[in-house]
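For reference, coords-v8.pdb (PDB, C-alpha atoms):
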ATOM      1  CA  MET A 976     -75.613 -56.357-120.048
ATOM      2  CA  ARG A 977     -74.645 -56.287-116.397
ATOM      3  CA  VAL A 978     -72.244 -59.126-115.666
ATOM      4  CA  LEU A 979     -70.798 -60.416-112.400
ATOM      5  CA  VAL A 980     -67.253 -61.693-112.926
ATOM      6  CA  THR A 981     -65.583 -63.425-110.007
ATOM      7  CA  GLY A 982     -61.800 -63.586-109.844
ATOM      8  CA  THR A 983     -61.188 -60.302-111.689
ATOM      9  CA  ALA A 984     -57.739 -59.896-110.124
ATOM     10  CA  GLY A 985     -56.810 -63.311-111.528
ATOM     11  CA  PHE A 986     -55.444 -64.175-114.952
ATOM     12  CA  ILE A 987     -58.545 -65.297-116.859
ATOM     13  CA  GLY A 988     -60.968 -63.181-114.820
ATOM     14  CA  PHE A 989     -58.962 -60.026-115.580
ATOM     15  CA  HIS A 990     -58.947 -60.650-119.330
ATOM     16  CA  THR A 991     -62.653 -61.553-119.348
ATOM     17  CA  ALA A 992     -63.701 -58.442-117.415
ATOM     18  CA  LYS A 993     -61.485 -56.299-119.665
ATOM     19  CA  ARG A 994     -63.130 -57.665-122.823
ATOM     20  CA  LEU A 995     -66.620 -57.155-121.385
ATOM     21  CA  LEU A 996     -65.852 -53.539-120.525
ATOM     22  CA  GLU A 997     -64.330 -52.953-123.962
ATOM     23  CA  ARG A 998     -67.508 -54.146-125.646
ATOM     24  CA  GLY A 999     -69.628 -51.845-123.469
ATOM     25  CA  ASP A1000     -71.059 -54.173-120.825
ATOM     26  CA  SER A1001     -71.270 -53.192-117.152
ATOM     27  CA  VAL A1002     -69.146 -55.331-114.852
ATOM     28  CA  VAL A1003     -69.143 -56.038-111.139
ATOM     29  CA  GLY A1004     -65.927 -57.803-110.167
ATOM     30  CA  ILE A1005     -65.185 -59.732-106.983
ATOM     31  CA  ASP A1006     -61.787 -60.950-105.795
ATOM     32  CA  VAL A1007     -60.205 -61.556-102.409
ATOM     33  CA  VAL A1008     -56.704 -60.715-103.794
ATOM     34  CA  ASN A1009     -54.921 -63.340-101.713
ATOM     35  CA  ASP A1010     -51.183 -64.000-101.604
ATOM     36  CA  TYR A1011     -51.114 -67.372-103.424
ATOM     37  CA  TYR A1012     -48.744 -65.484-105.731
ATOM     38  CA  ASP A1013     -47.433 -61.905-105.733
ATOM     39  CA  PRO A1014     -50.413 -59.614-104.995
ATOM     40  CA  ALA A1015     -48.615 -56.790-106.824
ATOM     41  CA  LEU A1016     -49.410 -58.468-110.139
ATOM     42  CA  LYS A1017     -53.062 -58.745-109.134
ATOM     43  CA  GLU A1018     -53.178 -55.096-108.105
ATOM     44  CA  ALA A1019     -51.629 -54.132-111.449
ATOM     45  CA  ARG A1020     -54.367 -56.033-113.280
ATOM     46  CA  LEU A1021     -57.027 -54.230-111.236
ATOM     47  CA  LYS A1022     -55.463 -50.882-112.101
ATOM     48  CA  VAL A1023     -55.663 -51.753-115.814
ATOM     49  CA  LEU A1024     -59.344 -52.648-115.424
ATOM     50  CA  ALA A1025     -60.059 -49.326-113.734
ATOM     51  CA  ASN A1026     -58.373 -47.501-116.635
ATOM     52  CA  VAL A1027     -60.313 -49.508-119.234
ATOM     53  CA  ALA A1028     -63.559 -48.856-117.361
ATOM     54  CA  ALA A1029     -62.919 -45.117-117.471
ATOM     55  CA  GLN A1030     -63.071 -45.321-121.283
ATOM     56  CA  SER A1031     -65.980 -47.781-121.413
ATOM     57  CA  ARG A1032     -69.656 -47.148-122.047
ATOM     58  CA  GLY A1033     -70.487 -49.552-119.235
ATOM     59  CA  SER A1034     -70.026 -49.122-115.497
ATOM     60  CA  TYR A1035     -67.509 -50.968-113.338
ATOM     61  CA  GLN A1036     -67.430 -51.785-109.647
ATOM     62  CA  PHE A1037     -64.832 -53.867-107.820
ATOM     63  CA  ILE A1038     -65.588 -55.671-104.548
ATOM     64  CA  ARG A1039     -62.615 -56.913-102.536
ATOM     65  CA  ALA A1040     -64.060 -59.879-100.642
ATOM     66  CA  ASP A1041     -63.899 -63.631-100.078
ATOM     67  CA  LEU A1042     -66.597 -65.695-101.805
ATOM     68  CA  ALA A1043     -66.289 -68.285 -99.046
ATOM     69  CA  ASP A1044     -67.989 -65.661 -96.852
ATOM     70  CA  ARG A1045     -71.651 -66.015 -97.768
ATOM     71  CA  ARG A1046     -72.404 -62.413 -96.838
ATOM     72  CA  THR A1047     -70.278 -61.244 -99.772
ATOM     73  CA  LEU A1048     -72.659 -62.639-102.362
ATOM     74  CA  ASP A1049     -75.799 -61.915-100.340
ATOM     75  CA  SER A1050     -74.855 -58.240-100.269
ATOM     76  CA  CYS A1051     -73.782 -58.160-103.913
ATOM     77  CA  PHE A1052     -76.977 -59.760-105.237
ATOM     78  CA  ALA A1053     -79.107 -57.553-102.968
ATOM     79  CA  PHE A1054     -77.801 -54.452-104.765
ATOM     80  CA  HIS A1055     -77.432 -55.777-108.335
ATOM     81  CA  THR A1056     -79.442 -57.747-110.854
ATOM     82  CA  PHE A1057     -77.205 -59.649-113.257
ATOM     83  CA  ASP A1058     -77.873 -60.741-116.826
ATOM     84  CA  ARG A1059     -74.926 -63.118-116.607
ATOM     85  CA  VAL A1060     -72.635 -64.516-113.918
ATOM     86  CA  ILE A1061     -69.165 -65.660-115.009
ATOM     87  CA  HIS A1062     -67.413 -67.501-112.187
ATOM     88  CA  LEU A1063     -63.644 -67.599-112.674
ATOM     89  CA  ALA A1064     -62.483 -67.277-109.069
ATOM     90  CA  ALA A1065     -60.841 -70.435-107.741
ATOM     91  CA  GLN A1066     -57.843 -71.772-105.939
ATOM     92  CA  ALA A1067     -55.744 -72.842-108.899
ATOM     93  CA  GLY A1068     -52.584 -74.930-109.166
ATOM     94  CA  VAL A1069     -52.134 -78.674-109.356
ATOM     95  CA  ARG A1070     -49.004 -78.780-107.214
ATOM     96  CA  TYR A1071     -50.396 -76.593-104.410
ATOM     97  CA  SER A1072     -53.397 -78.896-104.004
ATOM     98  CA  LEU A1073     -51.003 -81.576-102.735
ATOM     99  CA  GLU A1074     -49.802 -79.226-100.000
ATOM    100  CA  ASN A1075     -52.919 -77.329 -98.950
ATOM    101  CA  PRO A1076     -56.128 -79.158 -99.927
ATOM    102  CA  ARG A1077     -58.247 -77.166 -97.449
ATOM    103  CA  ALA A1078     -57.709 -74.007 -99.501
ATOM    104  CA  TYR A1079     -59.415 -75.791-102.400
ATOM    105  CA  VAL A1080     -62.396 -76.761-100.277
ATOM    106  CA  ASP A1081     -62.925 -73.137 -99.211
ATOM    107  CA  SER A1082     -62.333 -71.527-102.612
ATOM    108  CA  ASN A1083     -63.670 -74.177-104.989
ATOM    109  CA  ILE A1084     -66.413 -75.963-103.038
ATOM    110  CA  VAL A1085     -67.756 -73.626-100.352
ATOM    111  CA  ALA A1086     -67.564 -70.502-102.522
ATOM    112  CA  PHE A1087     -69.233 -72.258-105.451
ATOM    113  CA  THR A1088     -72.060 -73.422-103.181
ATOM    114  CA  HIS A1089     -72.676 -69.829-102.103
ATOM    115  CA  LEU A1090     -72.685 -68.712-105.732
ATOM    116  CA  LEU A1091     -75.155 -71.396-106.807
ATOM    117  CA  GLU A1092     -77.495 -70.381-104.009
ATOM    118  CA  ALA A1093     -77.225 -66.701-104.889
ATOM    119  CA  CYS A1094     -77.945 -67.414-108.563
ATOM    120  CA  ARG A1095     -80.883 -69.654-107.648
ATOM    121  CA  GLU A1096     -82.464 -67.049-105.393
ATOM    122  CA  ALA A1097     -81.941 -64.302-107.985
ATOM    123  CA  ALA A1098     -83.143 -66.452-110.906
ATOM    124  CA  THR A1099     -79.943 -65.568-112.778
ATOM    125  CA  PRO A1100     -80.457 -66.096-116.532
ATOM    126  CA  HIS A1101     -77.140 -67.915-117.028
ATOM    127  CA  LEU A1102     -74.223 -69.041-114.845
ATOM    128  CA  VAL A1103     -70.949 -69.822-116.626
ATOM    129  CA  TYR A1104     -68.119 -71.254-114.527
ATOM    130  CA  ALA A1105     -64.542 -72.408-114.982
ATOM    131  CA  SER A1106     -63.669 -76.066-114.922
ATOM    132  CA  THR A1107     -60.423 -77.610-116.157
ATOM    133  CA  SER A1108     -59.002 -80.181-118.536
ATOM    134  CA  SER A1109     -57.486 -81.790-115.434
ATOM    135  CA  VAL A1110     -60.862 -83.443-114.736
ATOM    136  CA  TYR A1111     -60.052 -85.957-117.483
ATOM    137  CA  GLY A1112     -57.411 -87.328-115.124
ATOM    138  CA  GLY A1113     -56.756 -90.986-115.811
ATOM    139  CA  ASN A1114     -58.348 -90.879-119.268
ATOM    140  CA  THR A1115     -55.931 -91.678-122.099
ATOM    141  CA  ARG A1116     -58.289 -91.697-125.088
ATOM    142  CA  MET A1117     -57.425 -88.668-127.225
ATOM    143  CA  PRO A1118     -58.673 -86.104-127.976
ATOM    144  CA  PHE A1119     -60.480 -85.526-124.698
ATOM    145  CA  SER A1120     -64.198 -85.195-125.365
ATOM    146  CA  GLU A1121     -66.974 -83.885-123.127
ATOM    147  CA  HIS A1122     -68.936 -86.983-124.150
ATOM    148  CA  HIS A1123     -66.391 -89.186-122.339
ATOM    149  CA  GLY A1124     -66.601 -89.828-118.609
ATOM    150  CA  ALA A1125     -64.381 -87.725-116.339
ATOM    151  CA  ASP A1126     -64.536 -89.490-113.008
ATOM    152  CA  HIS A1127     -60.903 -90.401-112.333
ATOM    153  CA  PRO A1128     -59.161 -87.124-111.337
ATOM    154  CA  LEU A1129     -55.485 -87.456-110.455
ATOM    155  CA  GLN A1130     -55.259 -84.496-108.068
ATOM    156  CA  PHE A1131     -57.513 -82.858-105.506
ATOM    157  CA  TYR A1132     -57.675 -79.657-107.570
ATOM    158  CA  ALA A1133     -59.267 -81.593-110.438
ATOM    159  CA  ALA A1134     -61.596 -83.360-108.010
ATOM    160  CA  THR A1135     -62.944 -80.028-106.729
ATOM    161  CA  LYS A1136     -63.566 -78.768-110.263
ATOM    162  CA  ARG A1137     -65.337 -81.986-111.227
ATOM    163  CA  ALA A1138     -67.419 -81.556-108.078
ATOM    164  CA  ASN A1139     -68.390 -78.084-109.332
ATOM    165  CA  GLU A1140     -69.730 -79.629-112.540
ATOM    166  CA  LEU A1141     -71.862 -82.100-110.594
ATOM    167  CA  MET A1142     -73.080 -79.412-108.207
ATOM    168  CA  ALA A1143     -74.058 -77.224-111.149
ATOM    169  CA  HIS A1144     -76.035 -80.060-112.716
ATOM    170  CA  SER A1145     -78.019 -80.587-109.535
ATOM    171  CA  TYR A1146     -79.035 -76.894-109.501
ATOM    172  CA  SER A1147     -79.856 -76.974-113.205
ATOM    173  CA  HIS A1148     -82.054 -80.011-112.594
ATOM    174  CA  LEU A1149     -83.736 -78.918-109.366
ATOM    175  CA  PHE A1150     -84.143 -75.193-110.004
ATOM    176  CA  GLU A1151     -83.844 -74.877-113.811
ATOM    177  CA  LEU A1152     -80.783 -72.681-113.383
ATOM    178  CA  PRO A1153     -78.984 -72.557-116.772
ATOM    179  CA  THR A1154     -75.317 -73.476-116.251
ATOM    180  CA  THR A1155     -72.349 -73.921-118.563
ATOM    181  CA  GLY A1156     -69.071 -75.427-117.352
ATOM    182  CA  LEU A1157     -65.910 -74.616-119.320
ATOM    183  CA  ARG A1158     -62.978 -77.014-119.268
ATOM    184  CA  PHE A1159     -59.938 -74.843-119.978
ATOM    185  CA  PHE A1160     -56.859 -76.410-121.579
ATOM    186  CA  THR A1161     -53.455 -75.002-120.430
ATOM    187  CA  VAL A1162     -54.133 -71.284-120.711
ATOM    188  CA  TYR A1163     -51.158 -68.984-121.350
ATOM    189  CA  GLY A1164     -50.493 -65.397-122.351
ATOM    190  CA  PRO A1165     -49.769 -61.870-121.049
ATOM    191  CA  TRP A1166     -50.606 -61.185-117.395
ATOM    192  CA  GLY A1167     -50.388 -64.939-116.655
ATOM    193  CA  ARG A1168     -49.748 -66.447-113.248
ATOM    194  CA  PRO A1169     -46.100 -66.572-112.061
ATOM    195  CA  ASP A1170     -46.443 -70.267-111.147
ATOM    196  CA  MET A1171     -47.306 -71.247-114.744
ATOM    197  CA  ALA A1172     -44.733 -72.897-117.002
ATOM    198  CA  LEU A1173     -44.452 -70.072-119.535
ATOM    199  CA  PHE A1174     -43.790 -67.491-116.823
ATOM    200  CA  LEU A1175     -41.242 -69.676-115.020
ATOM    201  CA  PHE A1176     -39.449 -70.690-118.203
ATOM    202  CA  THR A1177     -39.237 -67.144-119.576
ATOM    203  CA  ARG A1178     -37.927 -65.769-116.294
ATOM    204  CA  ASN A1179     -35.250 -68.455-115.935
ATOM    205  CA  ILE A1180     -34.117 -68.397-119.558
ATOM    206  CA  ILE A1181     -33.641 -64.623-119.428
ATOM    207  CA  ALA A1182     -31.782 -64.954-116.108
ATOM    208  CA  GLY A1183     -29.579 -67.789-117.406
ATOM    209  CA  GLN A1184     -30.967 -70.240-114.843
ATOM    210  CA  PRO A1185     -32.008 -73.860-115.504
ATOM    211  CA  ILE A1186     -35.611 -74.727-116.318
ATOM    212  CA  LYS A1187     -37.143 -77.940-114.983
ATOM    213  CA  LEU A1188     -38.702 -80.192-117.602
ATOM    214  CA  PHE A1189     -40.683 -82.943-115.924
ATOM    215  CA  ASN A1190     -41.286 -86.217-117.744
ATOM    216  CA  ASN A1191     -38.057 -85.267-119.595
ATOM    217  CA  GLY A1192     -40.014 -82.670-121.552
ATOM    218  CA  ALA A1193     -42.137 -85.340-123.252
ATOM    219  CA  HIS A1194     -45.489 -83.907-122.096
ATOM    220  CA  MET A1195     -47.970 -82.873-124.784
ATOM    221  CA  ARG A1196     -50.207 -79.957-123.895
ATOM    222  CA  ASP A1197     -53.065 -78.272-125.742
ATOM    223  CA  PHE A1198     -51.721 -74.773-125.029
ATOM    224  CA  THR A1199     -54.515 -72.215-125.492
ATOM    225  CA  TYR A1200     -53.872 -68.489-125.786
ATOM    226  CA  ILE A1201     -55.788 -66.253-123.382
ATOM    227  CA  ASP A1202     -57.597 -64.290-126.119
ATOM    228  CA  ASP A1203     -58.983 -67.544-127.526
ATOM    229  CA  ILE A1204     -60.080 -68.588-124.042
ATOM    230  CA  VAL A1205     -61.950 -65.305-123.543
ATOM    231  CA  ASP A1206     -63.590 -65.698-126.961
ATOM    232  CA  GLY A1207     -64.949 -69.047-125.785
ATOM    233  CA  VAL A1208     -66.075 -67.708-122.409
ATOM    234  CA  LEU A1209     -68.093 -64.872-123.948
ATOM    235  CA  LEU A1210     -69.550 -66.959-126.771
ATOM    236  CA  ALA A1211     -70.710 -69.532-124.216
ATOM    237  CA  SER A1212     -72.011 -66.882-121.821
ATOM    238  CA  ASP A1213     -74.035 -65.100-124.497
ATOM    239  CA  ASP A1214     -75.674 -68.390-125.552
ATOM    240  CA  ILE A1215     -77.858 -69.500-122.632
ATOM    241  CA  ALA A1216     -77.755 -73.231-121.823
ATOM    242  CA  CYS A1217     -80.954 -75.147-122.624
ATOM    243  CA  PRO A1218     -82.123 -78.728-122.055
ATOM    244  CA  ASP A1219     -80.942 -81.165-124.724
ATOM    245  CA  PRO A1220     -84.031 -82.699-126.383
ATOM    246  CA  GLN A1221     -81.891 -85.622-127.599
ATOM    247  CA  TRP A1222     -80.619 -86.527-124.127
ATOM    248  CA  ASN A1223     -81.299 -90.183-123.266
ATOM    249  CA  SER A1224     -81.340 -91.346-119.646
ATOM    250  CA  ASP A1225     -80.668 -94.926-120.783
ATOM    251  CA  ASP A1226     -77.413 -93.760-122.365
ATOM    252  CA  PRO A1227     -76.654 -90.473-120.588
ATOM    253  CA  ASP A1228     -74.314 -88.018-122.305
ATOM    254  CA  PRO A1229     -72.040 -86.385-119.659
ATOM    255  CA  ALA A1230     -71.811 -83.199-121.743
ATOM    256  CA  THR A1231     -75.507 -82.322-121.733
ATOM    257  CA  SER A1232     -78.728 -83.069-119.875
ATOM    258  CA  ASN A1233     -82.501 -82.853-119.951
ATOM    259  CA  ALA A1234     -81.858 -79.909-117.605
ATOM    260  CA  PRO A1235     -80.391 -76.567-118.824
ATOM    261  CA  PHE A1236     -76.830 -77.786-118.300
ATOM    262  CA  ARG A1237     -73.818 -78.355-120.531
ATOM    263  CA  ILE A1238     -70.053 -78.789-120.507
ATOM    264  CA  PHE A1239     -67.666 -77.363-123.128
ATOM    265  CA  ASN A1240     -63.971 -77.892-123.744
ATOM    266  CA  ILE A1241     -62.100 -74.694-124.603
ATOM    267  CA  GLY A1242     -58.753 -75.608-126.139
ATOM    268  CA  ASN A1243     -56.528 -75.031-129.126
ATOM    269  CA  ASN A1244     -57.166 -78.472-130.671
ATOM    270  CA  ALA A1245     -53.441 -78.672-131.514
ATOM    271  CA  PRO A1246     -51.254 -80.231-128.785
ATOM    272  CA  VAL A1247     -47.573 -79.234-128.630
ATOM    273  CA  SER A1248     -44.764 -81.035-126.834
ATOM    274  CA  LEU A1249     -43.207 -79.280-123.870
ATOM    275  CA  ALA A1250     -39.852 -79.417-125.655
ATOM    276  CA  ASP A1251     -41.291 -77.573-128.673
ATOM    277  CA  TYR A1252     -42.958 -75.061-126.343
ATOM    278  CA  VAL A1253     -39.579 -74.320-124.766
ATOM    279  CA  GLU A1254     -38.060 -73.910-128.230
ATOM    280  CA  ALA A1255     -40.712 -71.288-129.047
ATOM    281  CA  ILE A1256     -39.775 -69.414-125.860
ATOM    282  CA  GLU A1257     -36.072 -69.625-126.754
ATOM    283  CA  ILE A1258     -36.778 -68.079-130.159
ATOM    284  CA  ALA A1259     -38.902 -65.298-128.647
ATOM    285  CA  VAL A1260     -36.325 -64.544-125.939
ATOM    286  CA  GLY A1261     -33.323 -64.954-128.231
ATOM    287  CA  LYS A1262     -31.499 -67.205-125.795
ATOM    288  CA  LYS A1263     -31.123 -70.949-125.288
ATOM    289  CA  ALA A1264     -32.497 -72.629-122.175
ATOM    290  CA  ILE A1265     -30.488 -74.661-119.709
ATOM    291  CA  ARG A1266     -32.660 -77.770-119.456
ATOM    292  CA  GLU A1267     -32.905 -79.924-116.342
ATOM    293  CA  LEU A1268     -34.702 -83.156-117.263
ATOM    294  CA  LEU A1269     -36.694 -84.716-114.431
ATOM    295  CA  PRO A1270     -39.179 -87.586-113.989
ATOM    296  CA  MET A1271     -42.930 -87.037-113.994
ATOM    297  CA  GLN A1272     -44.413 -85.375-110.915
ATOM    298  CA  PRO A1273     -47.211 -86.893-108.809
ATOM    299  CA  GLY A1274     -50.627 -85.939-110.168
ATOM    300  CA  ASP A1275     -49.357 -84.930-113.614
ATOM    301  CA  VAL A1276     -51.328 -85.910-116.712
ATOM    302  CA  PRO A1277     -48.941 -86.993-119.498
ATOM    303  CA  ASN A1278     -50.865 -85.432-122.407
ATOM    304  CA  THR A1279     -53.861 -83.217-123.105
ATOM    305  CA  PHE A1280     -55.689 -82.703-126.389
ATOM    306  CA  ALA A1281     -59.046 -80.919-126.612
ATOM    307  CA  ASP A1282     -61.878 -82.020-128.849
ATOM    308  CA  ILE A1283     -63.556 -78.648-129.475
ATOM    309  CA  SER A1284     -66.194 -79.839-131.939
ATOM    310  CA  LEU A1285     -69.030 -79.366-129.426
ATOM    311  CA  ILE A1286     -68.340 -75.711-128.578
ATOM    312  CA  ALA A1287     -67.540 -75.011-132.233
ATOM    313  CA  SER A1288     -70.879 -76.382-133.402
ATOM    314  CA  ARG A1289     -72.951 -74.803-130.604
ATOM    315  CA  VAL A1290     -71.518 -71.278-130.384
ATOM    316  CA  GLY A1291     -69.007 -70.959-133.249
ATOM    317  CA  TYR A1292     -65.803 -71.057-131.182
ATOM    318  CA  GLN A1293     -62.591 -71.222-133.203
ATOM    319  CA  PRO A1294     -59.091 -70.669-131.769
ATOM    320  CA  ARG A1295     -56.973 -68.257-133.790
ATOM    321  CA  VAL A1296     -53.581 -67.793-132.099
ATOM    322  CA  PRO A1297     -50.826 -70.360-132.805
ATOM    323  CA  VAL A1298     -48.368 -71.161-130.028
ATOM    324  CA  ALA A1299     -45.364 -69.394-131.587
ATOM    325  CA  GLU A1300     -47.334 -66.143-131.885
ATOM    326  CA  GLY A1301     -48.850 -66.431-128.406
ATOM    327  CA  VAL A1302     -45.475 -67.084-126.784
ATOM    328  CA  THR A1303     -43.955 -64.092-128.588
ATOM    329  CA  ARG A1304     -46.764 -61.858-127.305
ATOM    330  CA  PHE A1305     -46.162 -63.094-123.754
ATOM    331  CA  VAL A1306     -42.408 -62.513-123.879
ATOM    332  CA  GLN A1307     -42.973 -58.961-125.139
ATOM    333  CA  TRP A1308     -45.413 -58.305-122.284
ATOM    334  CA  TYR A1309     -42.982 -59.837-119.773
ATOM    335  CA  ARG A1310     -40.161 -57.564-120.879
ATOM    336  CA  ASP A1311     -42.431 -54.504-120.850
ATOM    337  CA  TYR A1312     -43.882 -55.305-117.427
ATOM    338  CA  PHE A1313     -40.602 -56.163-115.694
ATOM    339  CA  GLY A1314     -38.479 -53.635-117.552
TER     340      GLY A1314
END

Output the file's structure as structure tokens, nothing else.
Amino acid sequence: MRVLVTGTAGFIGFHTAKRLLERGDSVVGIDVVNDYYDPALKEARLKVLANVAAQSRGSYQFIRADLADRRTLDSCFAFHTFDRVIHLAAQAGVRYSLENPRAYVDSNIVAFTHLLEACREAATPHLVYASTSSVYGGNTRMPFSEHHGADHPLQFYAATKRANELMAHSYSHLFELPTTGLRFFTVYGPWGRPDMALFLFTRNIIAGQPIKLFNNGAHMRDFTYIDDIVDGVLLASDDIACPDPQWNSDDPDPATSNAPFRIFNIGNNAPVSLADYVEAIEIAVGKKAIRELLPMQPGDVPNTFADISLIASRVGYQPRVPVAEGVTRFVQWYRDYFG
């Protein structure tokens, strides 16, 4: 297939494009390569993709451009016909959304609007896009299920991703554009973002510097290894969304629709406390952490726990990598990458 992957210089987009190329698909990647974090890491990911593409049966093209500029997608879709579009470009980060909300409007709302329009005009067979477990916000009923409402986000980042889900439904309903939204749960692994907990903790533990544990380390997170995330992305992408014949407008299910629309959680279905996560890093590094216990930050969700029964039953998703193994793989990559 020919697949458009947005955000290929980013963490999840890089791994997704790499897997597609390895299985022989042709990939067109788009990324603006901004400086939200060190662009050198993004450039290194792009270099890996170019090397993988050289050994792949499929073709690969990278477009360095901003999706908030409508001309980017107009030009791309004018030259290519896509069997799938996998939209993983976004302005990420809960904390940064408190400081610079306009960046989230441009990257997560405006860019997604342009992509929906491009897919509508091209009659794209299936659009898959990244959402987040953060949309569950004020919900406390565990595990988080797609069948529960998700209308009380606690940060602007989550609000923009929930908006994406609603925007996608409107296009699925009006134009019969098949869309699948994927709510990722705390993704970690090699080539991860430097602002993520695993990266920060590993760096500071190795350097002998304190690590900050908010909520006194009592958070529970459904940490999900990157390879498992990519498994879910590709399984969902390959299985085109269809209308749900059981959907009832008198008792509407938020996860599906009478339009070709659906929402899936992609998680590990096994939450781990932040304290235990740090212990796994300590074991992998071979050094104890200096822990600085702090109160909960604004916008934080105390716990996350993914109900993955829907994606398991629909496309056969099953996470395989336990946290201790995933953390060990990351630490090995970190040491290799940074020497």

note - atom CA of A:Ala984 and atom CA of A:Gln1036 are separated by 12.6 Å

request  = Just say which residues the PyMOL selection byres ((chain A and resi 1131) around 8) picks in this file, as number ranges by chain.
outcome  = A: 1069, 1072-1073, 1076, 1079, 1128-1130, 1132-1135

- Kindly resolve the PyMOL selection byres ((chain A and resi 1091) around 9) on the present coordinates and return the residues as a PyMOL selection string. chain A and resi 1086-1090+1092-1096+1102+1142-1143+1146+1152

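Atom CA of A:Pro1227 sits 20.8 Å away from atom CA of A:Thr1115.
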
Counting all atoms listed in the file, the residue among A:Val1205, A:Ala1230, A:Val1302, A:Val1008 that lies closest to A:Ala1172 is A:Val1302

Of A:Ser1001, A:Thr1107, A:Thr1279, A:Thr1303, the one sitting nearest A:His1194 when using only C-alpha atoms is A:Thr1279

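Here atom CA of A:Val1060 and atom CA of A:Met1171 stand 26.2 Å from one another.
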
Close residues, A:Gln1066 itself excluded, 12 Å, all atoms listed in the file, min 2 positions apart in chain, as a short mmCIF file (atom, residue, chain, number, x, y, z; two decimals) with C-alpha atoms, in the coordinates of the input:
data_model
loop_
_atom_site.label_atom_id
_atom_site.label_comp_id
_atom_site.auth_asym_id
_atom_site.auth_seq_id
_atom_site.Cartn_x
_atom_site.Cartn_y
_atom_site.Cartn_z
CA GLY A 982 -61.80 -63.59 -109.84
CA GLY A 985 -56.81 -63.31 -111.53
CA ASP A 1006 -61.79 -60.95 -105.80
CA VAL A 1007 -60.20 -61.56 -102.41
CA VAL A 1008 -56.70 -60.72 -103.79
CA ASN A 1009 -54.92 -63.34 -101.71
CA ASP A 1010 -51.18 -64.00 -101.60
CA TYR A 1011 -51.11 -67.37 -103.42
CA TYR A 1012 -48.74 -65.48 -105.73
CA ASP A 1041 -63.90 -63.63 -100.08
CA LEU A 1042 -66.60 -65.69 -101.80
CA ALA A 1043 -66.29 -68.28 -99.05
CA LEU A 1063 -63.64 -67.60 -112.67
CA ALA A 1064 -62.48 -67.28 -109.07
CA GLY A 1068 -52.58 -74.93 -109.17
CA VAL A 1069 -52.13 -78.67 -109.36
CA ARG A 1070 -49.00 -78.78 -107.21
CA TYR A 1071 -50.40 -76.59 -104.41
CA SER A 1072 -53.40 -78.90 -104.00
CA ASN A 1075 -52.92 -77.33 -98.95
CA PRO A 1076 -56.13 -79.16 -99.93
CA ARG A 1077 -58.25 -77.17 -97.45
CA ALA A 1078 -57.71 -74.01 -99.50
CA TYR A 1079 -59.42 -75.79 -102.40
CA VAL A 1080 -62.40 -76.76 -100.28
CA ASP A 1081 -62.92 -73.14 -99.21
CA SER A 1082 -62.33 -71.53 -102.61
CA ASN A 1083 -63.67 -74.18 -104.99
CA ILE A 1084 -66.41 -75.96 -103.04
CA VAL A 1085 -67.76 -73.63 -100.35
CA ALA A 1086 -67.56 -70.50 -102.52
CA PHE A 1087 -69.23 -72.26 -105.45
CA ALA A 1105 -64.54 -72.41 -114.98
CA SER A 1106 -63.67 -76.07 -114.92
CA PHE A 1131 -57.51 -82.86 -105.51
CA TYR A 1132 -57.68 -79.66 -107.57
CA ALA A 1133 -59.27 -81.59 -110.44
CA THR A 1135 -62.94 -80.03 -106.73
CA LYS A 1136 -63.57 -78.77 -110.26
#

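If all atoms listed in the file are the atoms counted, then among A:Gly1261, A:Gly1192, A:Pro1153, A:Pro1273 the closest residue to A:Pro1218 is A:Pro1153.
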